[in-house]
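Input: a single structure, listed below in structure tokens.
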Amino acid sequence: MTNKKATSAVLFLLVLSMAPSAIAQVLPFFTDTALTVGFESNAFRTFSRFVVRNQLRTGGEEVPDPSDQDVFVFAEVFAVPVRINSDTVLTAVTRVFHKELNFTTPGSPRQQLSDSGLGDTTLLVKRRFYVDNFQAGGIQLALLGGVKLPTGNDNQRDNQGNLLPPGLQLGTGSVDVPVGLVFTAFKDRVGFNSAFLYQFNNESNGFRFGDETKVNLAFGYRLFPKQYTSFQDKVLNAYLEVNTVVSQRASLNDQNVPDSGGTTVFLTPGIQAVLNPRFLVEAAFQIPVVQELNGTQLAFVPTANVGIRVLF
């Protein structure tokens with residue numbers, strides 16, 4: 001074997017040895033990664049997300065709610081990342097929703113508005129443009145860009161024929177554009193990811209959700225095994241995320257909606273078990289720690305999320 005071939009072979013084996021280390025401990029729940037291997041490509045992912053809002057707030061302070069409102073949203077999220085080449089992954093994400101708004105009006109029994117079905121679909125391309133691998137670790141950067149398609153119904157009505165509020169609709173009715181940047185670093189048992197995503201939202205039927213900025217940070221630590229040796233190892237990871245969402249005010253017929261938009265910061269601890277080289281289960285608990293909402297809005301409460309990922 002020539003020196004050139006020998007060097008290539010060593011480098012190839014080194015990359016293989018680092019790839020499982022990466023996918024073993026830097027796969028957070030809500031934060032994107034720059035990885036384009038393992039469970040980040042050629043995979044099927046689904047998770048159940050629960051969102052509850054039931055505390056009416058004005059200016060950050062809880063206020064009495066004469067309607068005793070509460071909102072419950074269940075979303076089953078389906079994501080399929082497919083590797084186009086070693087540095088490019090195309091991911092399709094869609095959701096199936098069940099949404100409920102419960103409230104009370106004077107002199108009437110408690111009422112409910114609800115909606116169920118397919119939500120909007122996002123097609124997102126991840127293009128990795130920087131890779132610096134070293135023994136048992138590496139640094140990677142990637143760009144994100146895509147389009148959100150209005151596959152969800154945005155014209156659902158109640159039993160009296162009234163249009164449901166925008167927040168209860170299955171989709172926004174608009175074609176929106178997300179763009180972003182992702183940073184990933186890992187070394188031995190520790191991983192770090194940061195992701196910035198900005199979504200340009202458009203108008204539909206006179207209503208426009210405000211543009212949205214997401215800034216996510218995630219720290220991961222491999223609890224078990226202490227020394228990662230092969231793809232066959234069972235792995236237990238712990239991670240902690242900080243998920244920040246900044247939404248601009250919505251608009252109706254080109255007029256700002258005062259009670260919309262704001263900043264929410266979630267603290268998200270989670271656990272992840274890689275049970276075999278092609279299957280993992282994960283769970284996270286999302287806790288709102290900052291809720292600076294514009295006007296008067298219902299605030300979030302802590303909720304659970306559970307899911308699986310399968311390689312194909």
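Chain labels follow the order of the structure tokens: the first chain is A, the next B, and so on; residue numbering restarts at 1 in every chain, and ligands are counted from 1 in their shown order.
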Report as number ranges by chain all protein, DNA and RNA residues lying within 6 Å of region 185-195 of chain A, evaluated on only C-alpha atoms, omitting residues in the same chain fewer than 5 positions from it. A: 26, 32, 136-139, 215-222
Atoms to include: C-alpha atoms. Write the selected residues as a CSV table (one decimal), in the first residue's frame.
```csv
chain,number,residue,atom,x,y,z
A,26,VAL,CA,-25.2,15.9,20.8
A,32,ASP,CA,-30.8,22.1,15.5
A,136,ALA,CA,-12.9,12.2,19.7
A,137,GLY,CA,-14.4,15.6,18.8
A,138,GLY,CA,-15.0,18.3,16.2
A,139,ILE,CA,-16.5,21.6,15.3
A,215,VAL,CA,-32.2,31.3,19.5
A,216,ASN,CA,-31.5,27.9,20.9
A,217,LEU,CA,-28.5,26.7,23.1
A,218,ALA,CA,-28.1,23.1,24.0
A,219,PHE,CA,-25.5,21.3,26.3
A,220,GLY,CA,-25.2,17.6,26.2
A,221,TYR,CA,-23.4,15.0,28.3
A,222,ARG,CA,-23.0,11.3,27.8
```
Selection: 10 Å around region 273-288 of chain A, only C-alpha atoms, excl. self and same-chain fewer than 6 positions, as JSON, numbers by chain: {"A": [20, 23, 24, 25, 27, 28, 29, 30, 38, 39, 43, 44, 45, 46, 47, 48, 49, 50, 51, 222, 223, 224, 230, 231, 232, 233, 234, 235, 236, 237, 238, 239, 240, 241, 242, 243, 244, 264, 265, 266, 267, 299, 300, 301, 302, 303, 304, 305, 306, 307, 308, 309, 310, 311, 312]}
Hey, what does DSSP flag as strand (DSSP E) within region 30-178 of chain A? Can you give it to me as a PyMOL selection string? chain A and resi 43-58+61-62+70-85+88-103+111-134+137-149+177-178
What is the CA of Ser204 (chain A) to CA of Val147 (chain A) distance in Å?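 So the answer is 15.5 Å.
Taking CA of Thr33 (chain A) and CA of Val175 (chain A) as the two end points, the separation is 24.6 Å.
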